[in-house]
file data-v5.csv (CSV, C-alpha atoms)
chain,number,residue,atom,x,y,z
A,261,MET,CA,151.4,151.6,-31.0
A,262,VAL,CA,148.6,152.0,-28.6
A,263,ALA,CA,148.3,148.3,-28.0
A,264,GLU,CA,151.8,147.9,-26.7
A,265,PRO,CA,151.4,150.2,-23.6
A,266,VAL,CA,148.2,148.5,-22.7
A,267,LEU,CA,149.7,145.1,-23.1
A,268,ALA,CA,152.6,146.1,-21.0
A,269,THR,CA,150.4,147.4,-18.3
A,270,VAL,CA,148.4,144.1,-18.3
A,271,GLN,CA,151.5,142.1,-18.0
A,272,VAL,CA,152.8,144.2,-15.1
A,273,LEU,CA,149.5,143.7,-13.3
A,274,ASN,CA,149.5,140.0,-13.9
A,275,LYS,CA,153.0,139.8,-12.6
A,276,VAL,CA,152.1,141.8,-9.4
A,277,ILE,CA,149.0,139.6,-8.9
A,278,ASN,CA,151.0,136.4,-9.3
A,279,ASP,CA,153.8,137.6,-7.0
A,280,THR,CA,151.2,138.7,-4.4
A,281,SER,CA,149.4,135.3,-4.6
A,282,ALA,CA,152.7,133.4,-4.4
A,283,PHE,CA,153.7,135.5,-1.3
A,284,ILE,CA,150.4,134.9,0.4
A,285,ASN,CA,150.5,131.2,-0.3
A,286,LYS,CA,154.0,130.9,1.0
A,287,GLN,CA,153.0,132.7,4.3
A,288,LEU,CA,150.0,130.5,4.7
A,289,GLU,CA,152.2,127.4,4.3
A,290,LYS,CA,154.6,128.8,7.0
A,291,ILE,CA,151.7,129.4,9.4
A,292,GLN,CA,150.2,126.0,8.8
A,293,ASN,CA,153.5,124.2,9.4
A,294,SER,CA,154.3,126.2,12.5
A,295,ASP,CA,153.4,125.5,16.2
A,296,LEU,CA,151.7,128.8,16.6
A,297,LEU,CA,148.4,127.7,15.2
A,298,HIS,CA,148.4,124.6,17.5
A,299,LYS,CA,149.1,126.8,20.5
A,300,ILE,CA,146.3,129.2,19.7
A,301,PHE,CA,143.6,126.6,19.2
A,302,HIS,CA,144.7,124.0,21.9
A,303,HIS,CA,145.7,126.4,24.7
A,304,GLU,CA,144.7,125.3,28.2
A,305,PRO,CA,143.9,128.0,30.6
A,306,THR,CA,146.4,128.6,33.4
A,307,PHE,CA,143.9,130.1,35.8
A,308,ASN,CA,141.2,128.3,38.0
A,309,PRO,CA,137.6,129.4,37.9
A,310,PRO,CA,136.4,131.0,41.1
A,311,PRO,CA,134.6,128.4,43.4
A,312,GLN,CA,130.8,128.4,43.4
A,313,PRO,CA,129.3,129.8,46.6
A,314,PRO,CA,127.9,126.9,48.8
A,315,SER,CA,124.1,126.3,48.5
A,316,HIS,CA,122.2,127.0,51.7
A,317,ILE,CA,119.6,124.3,50.8
A,318,LYS,CA,122.4,121.7,50.2
A,319,SER,CA,124.1,122.7,53.4
A,320,LEU,CA,120.9,122.3,55.4
A,321,PHE,CA,120.1,119.0,53.8
A,322,SER,CA,123.6,117.7,54.6
A,323,HIS,CA,123.3,118.8,58.2
A,324,VAL,CA,119.9,117.0,58.5
A,325,MET,CA,121.2,113.8,57.0
A,326,GLU,CA,124.3,113.8,59.3
A,327,ASN,CA,122.0,114.3,62.3
A,328,ILE,CA,119.8,111.4,61.2
A,329,SER,CA,122.9,109.2,60.6
A,330,ARG,CA,124.2,109.9,64.1
A,331,ASN,CA,120.8,109.2,65.7
A,332,LYS,CA,119.4,106.4,63.6
A,333,VAL,CA,117.8,104.5,66.5
A,334,ILE,CA,115.9,107.5,67.7
A,335,TYR,CA,114.6,108.5,64.3
A,336,VAL,CA,113.7,105.0,63.3
A,337,SER,CA,111.8,104.6,66.6
A,338,LEU,CA,109.9,107.9,66.0
A,339,ILE,CA,109.0,107.0,62.5
A,340,GLY,CA,108.0,103.4,63.4
A,341,LEU,CA,106.0,104.7,66.4
A,342,GLY,CA,104.2,107.3,64.3
A,343,LEU,CA,103.3,104.8,61.5
A,344,GLY,CA,102.2,102.1,63.9
A,345,TYR,CA,100.1,104.6,65.8
A,346,GLY,CA,98.4,105.8,62.6
A,347,VAL,CA,97.7,102.2,61.4
A,348,LEU,CA,96.3,101.1,64.7
A,349,GLN,CA,94.1,104.2,64.9
A,350,LEU,CA,92.6,103.3,61.5
A,351,ARG,CA,92.2,99.7,62.5
A,352,ASP,CA,90.5,100.7,65.7
A,353,ARG,CA,88.0,102.9,63.9
A,354,PHE,CA,87.0,100.2,61.4
A,355,TYR,CA,87.0,97.6,64.2
A,356,GLU,CA,84.6,99.8,66.2
A,357,ARG,CA,82.3,100.2,63.3
A,358,ASP,CA,82.2,96.4,62.7
A,359,THR,CA,81.5,95.5,66.3
A,360,GLU,CA,78.9,98.2,67.2
A,361,ARG,CA,76.2,95.8,66.0
A,362,ILE,CA,77.2,92.9,68.2
A,363,ASN,CA,74.7,92.2,71.0
A,364,ARG,CA,76.9,92.0,74.1
A,365,ARG,CA,74.7,90.3,76.5
A,366,VAL,CA,75.5,87.4,78.9
A,367,PRO,CA,74.3,84.1,77.4
A,368,LYS,CA,71.1,82.6,78.9
A,369,LEU,CA,70.6,79.1,80.3
A,370,PRO,CA,67.8,77.0,78.8
A,371,ASN,CA,65.4,78.3,81.5
A,372,GLY,CA,66.2,81.9,80.7
A,373,ALA,CA,68.4,82.6,83.7
A,374,ARG,CA,72.0,83.8,83.5
A,375,SER,CA,74.8,82.1,85.5
A,376,ASP,CA,77.9,84.1,84.6
A,377,ALA,CA,79.5,86.4,87.3
A,378,VAL,CA,82.4,88.8,87.7
A,379,PHE,CA,84.3,90.0,90.7
A,380,LEU,CA,85.3,93.6,90.6
A,381,MET,CA,88.2,94.5,92.9
A,382,GLY,CA,88.0,98.2,93.3
A,383,SER,CA,86.4,101.0,95.3
A,384,ILE,CA,82.7,101.7,94.6
A,385,THR,CA,83.3,105.3,95.4
A,386,ASP,CA,85.5,105.7,92.3
A,387,HIS,CA,83.3,106.9,89.4
A,388,LEU,CA,84.9,104.7,86.8
A,389,THR,CA,84.7,101.6,88.9
A,390,ARG,CA,81.1,102.3,89.8
A,391,ILE,CA,79.9,102.8,86.2
A,392,THR,CA,81.8,99.7,85.1
A,393,ALA,CA,80.0,97.7,87.7
A,394,TYR,CA,76.6,99.1,86.6
A,395,ASP,CA,77.3,98.3,83.0
A,396,LEU,CA,78.4,94.7,83.7
A,397,GLY,CA,75.2,94.3,85.7
A,398,LYS,CA,73.0,95.6,82.9
A,399,ARG,CA,74.6,93.1,80.5
A,400,GLY,CA,73.4,90.2,82.7
A,401,PHE,CA,76.4,89.5,84.9
A,402,THR,CA,76.1,88.8,88.6
A,403,VAL,CA,78.6,91.4,89.8
A,404,PHE,CA,80.5,91.0,93.1
A,405,CYS,CA,82.3,94.3,94.1
A,406,SER,CA,84.7,94.7,97.0
A,407,ILE,CA,84.4,97.0,100.0
A,408,LEU,CA,87.9,98.2,100.8
A,409,ASP,CA,87.6,100.7,103.6
A,410,SER,CA,85.2,102.8,105.7
A,411,THR,CA,84.7,105.3,102.9
A,412,ASP,CA,83.1,102.5,100.8
A,413,VAL,CA,80.9,101.5,103.7
A,414,LYS,CA,79.6,105.1,104.1
A,415,TYR,CA,78.9,105.5,100.4
A,416,ILE,CA,76.9,102.2,100.2
A,417,ALA,CA,74.9,103.2,103.2
A,418,SER,CA,74.0,106.6,101.9
A,419,ASN,CA,73.4,105.8,98.2
A,420,LYS,CA,71.1,103.4,96.3
A,421,ILE,CA,73.1,100.6,94.7
A,422,SER,CA,71.9,98.4,91.8
A,423,GLU,CA,70.4,95.1,92.8
A,424,GLU,CA,72.7,93.3,90.3
A,425,ILE,CA,75.7,94.3,92.5
A,426,ARG,CA,76.6,92.2,95.5
A,427,PHE,CA,79.5,93.1,97.9
A,428,VAL,CA,82.5,91.3,99.3
A,429,ASP,CA,83.3,93.1,102.5
A,430,PHE,CA,87.0,93.3,103.4
A,431,THR,CA,86.5,95.6,106.4
A,432,ARG,CA,84.5,93.4,108.8
A,433,LYS,CA,86.6,90.3,108.4
A,434,SER,CA,90.0,89.1,107.3
A,435,ILE,CA,90.8,89.0,103.6
A,436,GLU,CA,91.1,85.2,103.8
A,437,SER,CA,87.6,85.0,105.3
A,438,ALA,CA,86.1,87.4,102.7
A,439,VAL,CA,87.6,85.4,99.8
A,440,GLY,CA,86.3,82.2,101.4
A,441,GLU,CA,82.8,83.7,101.6
A,442,LEU,CA,83.0,84.4,97.9
A,443,ASN,CA,84.1,80.8,97.2
A,444,GLU,CA,81.1,79.4,99.2
A,445,ILE,CA,78.7,81.6,97.2
A,446,LEU,CA,80.1,80.3,94.0
A,447,LYS,CA,79.8,76.6,95.1
A,448,SER,CA,76.2,77.0,96.4
A,449,PRO,CA,73.3,76.3,94.0
A,450,VAL,CA,71.2,79.3,93.0
A,451,VAL,CA,67.5,79.2,92.2
A,452,PRO,CA,66.8,82.1,89.9
A,453,PHE,CA,63.0,82.0,90.2
A,454,ALA,CA,60.3,79.8,91.7
A,455,ASN,CA,60.2,76.2,90.4
A,456,ALA,CA,63.3,76.8,88.3
A,457,ASP,CA,66.2,74.3,88.2
A,458,PRO,CA,69.1,75.4,90.4
A,459,HIS,CA,72.4,76.3,88.9
A,460,LYS,CA,75.8,77.4,90.1
A,461,LEU,CA,77.4,80.7,89.3
A,462,ASN,CA,80.4,80.7,87.0
A,463,LEU,CA,83.0,83.3,87.8
A,464,LYS,CA,84.0,84.4,84.3
A,465,ALA,CA,86.5,87.2,85.2
A,466,ILE,CA,88.2,88.9,88.1
A,467,ILE,CA,88.7,92.5,87.2
A,468,PHE,CA,91.0,94.8,89.2
A,469,ALA,CA,89.7,98.3,88.6
A,470,PRO,CA,91.8,101.5,88.8
A,471,SER,CA,91.6,104.5,91.0
A,472,TRP,CA,92.0,107.9,89.5
A,473,HIS,CA,92.3,109.7,92.8
A,474,PHE,CA,95.9,109.8,94.0
A,475,PRO,CA,97.6,112.6,95.9
A,476,VAL,CA,100.0,114.8,93.9
A,477,GLY,CA,102.9,116.9,95.0
A,478,PRO,CA,106.6,116.7,95.8
A,479,ILE,CA,107.8,113.5,97.4
A,480,GLU,CA,109.2,115.3,100.4
A,481,SER,CA,105.8,117.0,101.1
A,482,THR,CA,103.8,113.7,100.8
A,483,SER,CA,102.6,112.7,104.3
A,484,ILE,CA,103.5,109.5,106.0
A,485,SER,CA,99.8,108.6,106.2
A,486,THR,CA,99.6,108.7,102.4
A,487,TRP,CA,102.5,106.3,102.0
A,488,LYS,CA,101.0,104.0,104.6
A,489,LYS,CA,97.6,104.0,102.8
A,490,LEU,CA,99.4,103.3,99.5
A,491,ASN,CA,101.3,100.4,101.0
A,492,SER,CA,98.1,99.0,102.6
A,493,ARG,CA,96.3,99.1,99.2
A,494,ILE,CA,99.2,97.3,97.4
A,495,GLN,CA,99.4,94.8,100.3
A,496,MET,CA,95.7,94.1,100.0
A,497,VAL,CA,96.0,93.3,96.3
A,498,MET,CA,98.8,90.8,97.0
A,499,GLU,CA,97.0,89.3,100.0
A,500,VAL,CA,93.8,88.7,97.9
A,501,MET,CA,95.9,86.8,95.4
A,502,THR,CA,97.6,84.6,98.0
A,503,CYS,CA,94.5,84.0,100.2
A,504,GLY,CA,92.5,81.9,97.8
A,505,LEU,CA,91.6,84.1,94.8
A,506,LEU,CA,94.0,82.3,92.5
A,507,GLN,CA,92.6,78.9,93.7
A,508,ILE,CA,89.1,80.2,92.8
A,509,ALA,CA,90.3,81.3,89.4
A,510,ARG,CA,91.8,77.9,88.6
A,511,ASN,CA,88.6,76.1,89.7
A,512,GLN,CA,86.3,78.5,87.8
A,513,ASN,CA,88.7,78.9,84.8
A,514,SER,CA,88.4,82.7,85.4
A,515,LYS,CA,90.2,85.4,83.5
A,516,PHE,CA,92.2,88.2,85.2
A,517,ILE,CA,91.8,91.7,83.9
A,518,LEU,CA,93.7,94.8,85.1
A,519,LEU,CA,92.6,98.3,84.3
A,520,TYR,CA,95.1,101.0,85.0
A,521,SER,CA,96.1,104.5,83.7
A,522,SER,CA,98.7,104.4,80.9
A,523,ILE,CA,100.1,107.8,82.0
A,524,SER,CA,101.7,106.1,85.0
A,525,ASN,CA,104.2,104.5,82.6
A,526,LEU,CA,105.8,107.9,82.2
A,527,ASP,CA,106.7,108.3,85.9
A,528,LEU,CA,105.9,112.0,85.8
A,529,PRO,CA,107.2,114.3,88.5
A,530,TYR,CA,104.8,115.0,91.4
A,531,HIS,CA,102.9,111.8,90.7
A,532,ALA,CA,104.9,109.3,92.8
A,533,PRO,CA,102.0,107.6,94.6
A,534,GLU,CA,100.1,107.0,91.4
A,535,SER,CA,103.1,105.8,89.5
A,536,ILE,CA,104.3,103.5,92.3
A,537,PHE,CA,100.9,101.9,92.8
A,538,GLN,CA,100.0,101.5,89.1
A,539,ASN,CA,103.4,100.3,88.0
A,540,GLU,CA,103.7,97.8,90.9
A,541,VAL,CA,100.3,96.3,90.2
A,542,SER,CA,101.1,96.2,86.5
A,543,HIS,CA,104.4,94.3,87.1
A,544,LEU,CA,102.5,91.9,89.4
A,545,PHE,CA,100.0,91.1,86.7
A,546,THR,CA,102.8,90.7,84.1
A,547,ILE,CA,104.5,88.0,86.3
A,548,LEU,CA,101.1,86.5,87.1
A,549,GLY,CA,100.3,86.1,83.5
A,550,ARG,CA,103.5,84.2,82.9
A,551,GLU,CA,103.0,81.9,85.9
A,552,LEU,CA,99.4,81.1,85.0
A,553,LEU,CA,100.1,80.5,81.3
A,554,GLN,CA,100.7,76.8,81.9
A,555,TYR,CA,97.1,76.5,83.3
A,556,GLY,CA,95.5,78.2,80.4
A,557,ILE,CA,94.3,81.1,82.5
A,558,SER,CA,94.2,84.4,80.7
A,559,VAL,CA,95.7,87.6,82.3
A,560,THR,CA,95.0,90.8,80.3
A,561,GLN,CA,96.1,94.3,81.1
A,562,ILE,CA,94.1,97.2,79.7
A,563,PRO,CA,96.1,100.5,79.9
A,564,LEU,CA,93.6,103.3,79.8
A,565,GLY,CA,94.0,106.6,78.0
A,566,ASN,CA,91.8,109.6,77.9
A,567,LEU,CA,88.1,108.5,78.4
A,568,SER,CA,85.0,110.6,78.3
A,569,ILE,CA,83.8,109.7,81.8
A,570,SER,CA,81.4,112.7,81.9
A,571,ASN,CA,80.3,115.6,79.7
A,572,GLN,CA,82.4,118.0,81.8
A,573,LYS,CA,85.8,119.1,80.7
A,574,ILE,CA,87.5,117.9,83.8
A,575,ASN,CA,91.0,118.7,82.3
A,576,SER,CA,90.1,122.2,81.2
A,577,SER,CA,92.7,124.9,81.9
A,578,THR,CA,90.6,126.8,84.5
A,579,ARG,CA,89.8,123.7,86.4
A,580,VAL,CA,93.5,122.5,86.4
A,581,GLU,CA,94.5,126.0,87.5
A,582,SER,CA,92.1,125.8,90.4
A,583,LEU,CA,93.3,122.4,91.5
A,584,VAL,CA,96.9,123.5,91.3
A,585,ASN,CA,96.3,126.6,93.4
A,586,THR,CA,94.3,124.5,96.0
A,587,GLU,CA,97.1,122.0,96.3
A,588,ILE,CA,99.9,124.6,96.5
A,589,ARG,CA,98.1,126.5,99.3
A,590,ALA,CA,98.3,123.4,101.5
A,591,TRP,CA,102.1,123.3,101.3
A,592,THR,CA,104.5,125.1,103.5
A,593,SER,CA,106.1,128.3,102.3
A,594,GLU,CA,109.4,126.5,101.8
A,595,MET,CA,107.8,123.9,99.5
A,596,ARG,CA,106.0,126.6,97.5
A,597,ASP,CA,109.3,128.4,96.9
A,598,LEU,CA,111.0,125.2,95.8
A,599,TYR,CA,108.3,123.5,93.7
A,600,ALA,CA,105.3,125.7,92.9
A,601,SER,CA,106.3,126.9,89.5
A,602,ASP,CA,107.5,123.5,88.2
A,603,PHE,CA,104.5,121.7,89.8
A,604,ALA,CA,102.0,124.0,87.9
A,605,LYS,CA,103.7,123.4,84.6
A,606,ILE,CA,103.8,119.6,85.0
A,607,GLN,CA,100.1,119.5,86.1
A,608,HIS,CA,99.0,121.4,83.0
A,609,LYS,CA,100.9,118.9,80.8
A,610,SER,CA,99.8,115.7,82.6
A,611,ASN,CA,96.1,116.7,82.8
A,612,GLY,CA,96.0,117.3,79.1
A,613,ILE,CA,96.8,113.7,78.4
A,614,ARG,CA,95.4,111.7,81.4
A,615,GLY,CA,92.1,109.8,81.3
A,616,SER,CA,89.8,112.2,83.1
A,617,GLY,CA,87.1,113.4,80.8
A,618,GLY,CA,86.9,116.0,78.1
A,619,LYS,CA,87.4,115.0,74.5
A,620,GLY,CA,88.3,111.4,75.2
A,621,THR,CA,87.2,108.0,73.9
A,622,PRO,CA,83.5,107.2,74.7
A,623,MET,CA,83.1,104.9,77.8
A,624,LYS,CA,81.1,102.4,75.8
A,625,GLN,CA,84.2,101.4,73.9
A,626,LEU,CA,85.8,100.4,77.3
A,627,PHE,CA,82.7,98.5,78.2
A,628,HIS,CA,82.6,96.7,74.9
A,629,LEU,CA,86.3,95.8,75.2
A,630,ILE,CA,85.9,94.3,78.7
A,631,PHE,CA,83.0,92.2,77.5
A,632,ASP,CA,84.9,91.0,74.5
A,633,VAL,CA,88.0,90.1,76.6
A,634,ILE,CA,85.8,88.1,79.0
A,635,TYR,CA,84.3,86.0,76.2
A,636,ALA,CA,87.3,85.8,73.8
A,637,ASN,CA,88.9,82.4,73.3
A,638,LYS,CA,92.3,84.0,73.4
A,639,THR,CA,93.4,87.5,74.2
A,640,PRO,CA,96.8,89.3,74.2
A,641,ALA,CA,98.5,90.2,77.4
A,642,VAL,CA,98.0,93.9,76.7
A,643,VAL,CA,94.9,95.6,75.1
A,644,PHE,CA,94.7,99.4,74.8
A,645,CYS,CA,91.6,101.6,75.3
A,646,GLY,CA,91.3,105.4,75.2
A,647,LYS,CA,93.1,108.2,73.4
A,648,GLY,CA,96.8,108.2,74.0
A,649,ALA,CA,96.9,104.8,75.8
A,650,ARG,CA,99.0,103.0,73.2
A,651,PHE,CA,101.2,106.0,72.5
A,652,TYR,CA,102.3,106.7,76.1
A,653,TYR,CA,102.6,102.9,76.8
A,654,TRP,CA,105.2,102.5,74.0
A,655,LEU,CA,106.7,105.9,74.5
A,656,ALA,CA,108.0,104.9,77.9
A,657,ARG,CA,109.4,101.6,76.5
A,658,ILE,CA,111.0,102.7,73.2
A,659,LEU,CA,112.3,106.2,73.4
A,660,PRO,CA,115.3,107.1,75.6
A,661,ILE,CA,114.8,108.7,79.0
A,662,SER,CA,116.3,111.9,77.7
A,663,TRP,CA,113.4,112.4,75.4
A,664,LEU,CA,110.9,112.1,78.3
A,665,GLU,CA,113.0,114.6,80.3
A,666,TRP,CA,113.0,116.9,77.3
A,667,TYR,CA,109.2,116.7,77.1
A,668,ILE,CA,108.9,117.5,80.8
A,669,ALA,CA,111.3,120.4,80.7
A,670,TRP,CA,109.9,121.9,77.5
call {"tool": "encode", "arguments": {"input": "data-v5.csv", "output": "structure tokens"}}
result
Amino acid sequence: MVAEPVLATVQVLNKVINDTSAFINKQLEKIQNSDLLHKIFHHEPTFNPPPQPPSHIKSLFSHVMENISRNKVIYVSLIGLGLGYGVLQLRDRFYERDTERINRRVPKLPNGARSDAVFLMGSITDHLTRITAYDLGKRGFTVFCSILDSTDVKYIASNKISEEIRFVDFTRKSIESAVGELNEILKSPVVPFANADPHKLNLKAIIFAPSWHFPVGPIESTSISTWKKLNSRIQMVMEVMTCGLLQIARNQNSKFILLYSSISNLDLPYHAPESIFQNEVSHLFTILGRELLQYGISVTQIPLGNLSISNQKINSSTRVESLVNTEIRAWTSEMRDLYASDFAKIQHKSNGIRGSGGKGTPMKQLFHLIFDVIYANKTPAVVFCGKGARFYYWLARILPISWLEWYIAW
């Protein structure tokens, strides 16, 4: 009797379990066959994520790249100029080390005498011209130096000059007569010492030396006498060329060498006399080189940068300040009001880069370069010497004028 209730209870539980299982299975089948599950697991969001804040670094980079893209020529010029300047500086350093051991002396004749000569067209009162003449004389050249004006005459009369230097005076006679006198000397036999065989001098080079002394100041305050003297000096250079010097160069197979300041290429404000003279002579030599190319006569220009002419820091701030104040005091009050401030700024900038002492290239490098150009079989039309010479030469030719104006105004 007991077993029947138990059995009945078990049957009821089994029936409940089976019915519950069947209900659950039926509901699972409905869910699996419906679109609800698909919508849940494949639902695409209907909202857009918030935009990421722009990156400042990315924005700056884009701005820089756009700037470079708009000014490709300027940036390529700057990069090329910088790389070229660095490579040439390294080359010059190694070149200088390799050539220091060369004995730069004029070759001797079989009897021990030397026949090579140079003509230096410049003022003996200029320090750079004078020490260049002395160096050429010590290396064995017979040096002919010009006398250009009464200042040169007074200097020679009151100072001891090396015996290796002889003078061609353009003050006592006409330019044509002075050049003719030089020609006669070159054609006349020379007896170097007693019982020696005579020989004639061979003019190896004609060197046009620079002048570092030019008046500065506004154009409207530059005196008429300054412009007349400047025109006279330019005219003298051209007259020397046309009054027989070129004929001498052809007969002697001489080289032409021009030394001038590379800063004149920048045409800085308040430096009109210097820029006009140096650039005009430079253009003259450029044309001369192209005209004489057919005769095999070398014409080389040497733009000069900063040279250590002396141990004094000639371009120091205190010295520049003193020179500026001295110059300004000579102006009228109107000129001082108009130009004094800007003039002082330009002078400080230009004196920091011009070839006038201080931490510049040693002078011996210029002397070596001149000697090498004289005896080289072939030389380029332009050879640089001195710190900054190459940079400022190409700066004026590659970069836009606006960049130069920015440098001046900055």
call {"tool": "residues_around", "arguments": {"input": "data-v5.csv", "residues": "Phe468 of chain A", "least_positions_apart": "6", "cutoff": "9 Å", "atoms": "all atoms listed in the file", "output": "ChimeraX atom specification"}}
result
/A:379-382,497,516-520
call {"tool": "residues_around", "arguments": {"input": "data-v5.csv", "residues": "Lys460 of chain A", "least_positions_apart": "5", "cutoff": "8 Å", "atoms": "all atoms listed in the file", "output": "VMD selection string"}}
result
chain A and resid 375 446 to 450
call {"tool": "residues_around", "arguments": {"input": "data-v5.csv", "residues": "segment 365-368 of chain A", "least_positions_apart": "3", "cutoff": "6 Å", "atoms": "only C-alpha atoms", "output": "PyMOL selection string"}}
result
chain A and resi 372-374+399-400
call {"tool": "residues_around", "arguments": {"input": "data-v5.csv", "residues": "Ile421 of chain A", "least_positions_apart": "2", "cutoff": "12 Å", "atoms": "all atoms listed in the file", "output": "list in words"}}
result
Ile384, Thr385, Arg390, Ile391, Ala393, Tyr394, Gly397, Val403, Cys405, Asp412, Val413, Tyr415, Ile416, Ala417, Ser418, Asn419, Glu423, Glu424, Ile425, Arg426 and Phe427 of chain A
call {"tool": "residues_around", "arguments": {"input": "data-v5.csv", "residues": "Glu594 of chain A", "least_positions_apart": "6", "cutoff": "12 Å", "atoms": "all atoms listed in the file", "output": "CSV table (one decimal) with C-alpha atoms, in the coordinates of the input"}}
result
chain,number,residue,atom,x,y,z
A,478,PRO,CA,106.6,116.7,95.8
A,480,GLU,CA,109.2,115.3,100.4
A,481,SER,CA,105.8,117.0,101.1
A,588,ILE,CA,99.9,124.6,96.5
A,600,ALA,CA,105.3,125.7,92.9
call {"tool": "atom_distance", "arguments": {"input": "data-v5.csv", "atom1": "atom CA of Ser434 of chain A", "atom2": "atom CA of Thr392 of chain A"}}
result
25.9 Å
call {"tool": "closest_residue", "arguments": {"input": "data-v5.csv", "among": "A:Gly646, A:Pro458, A:Gly556, A:Pro640", "to": "Gly620 of chain A", "atoms": "all atoms listed in the file"}}
result
A:Gly646
call {"tool": "closest_residue", "arguments": {"input": "data-v5.csv", "among": "A:Phe545, A:Leu655, A:Leu528, A:Phe401", "to": "Asp602 of chain A", "atoms": "only C-alpha atoms"}}
result
A:Leu528
call {"tool": "closest_residue", "arguments": {"input": "data-v5.csv", "among": "A:Thr578, A:Asn511, A:Asn539, A:Gln625", "to": "His608 of chain A", "atoms": "all atoms listed in the file"}}
result
A:Thr578
call {"tool": "closest_residue", "arguments": {"input": "data-v5.csv", "among": "A:Gly504, A:Gly648, A:Gly549, A:Gly477", "to": "Thr592 of chain A", "atoms": "all atoms listed in the file"}}
result
A:Gly477
call {"tool": "atom_distance", "arguments": {"input": "data-v5.csv", "atom1": "atom CA of Leu505 of chain A", "atom2": "atom CA of Pro470 of chain A"}}
result
18.4 Å
call {"tool": "closest_residue", "arguments": {"input": "data-v5.csv", "among": "A:Leu343, A:Ile634, A:Ala641, A:Ile479", "to": "Tyr599 of chain A", "atoms": "all atoms listed in the file"}}
result
A:Ile479
call {"tool": "atom_distance", "arguments": {"input": "data-v5.csv", "atom1": "atom CA of Thr486 of chain A", "atom2": "atom CA of Arg596 of chain A"}}
result
19.6 Å
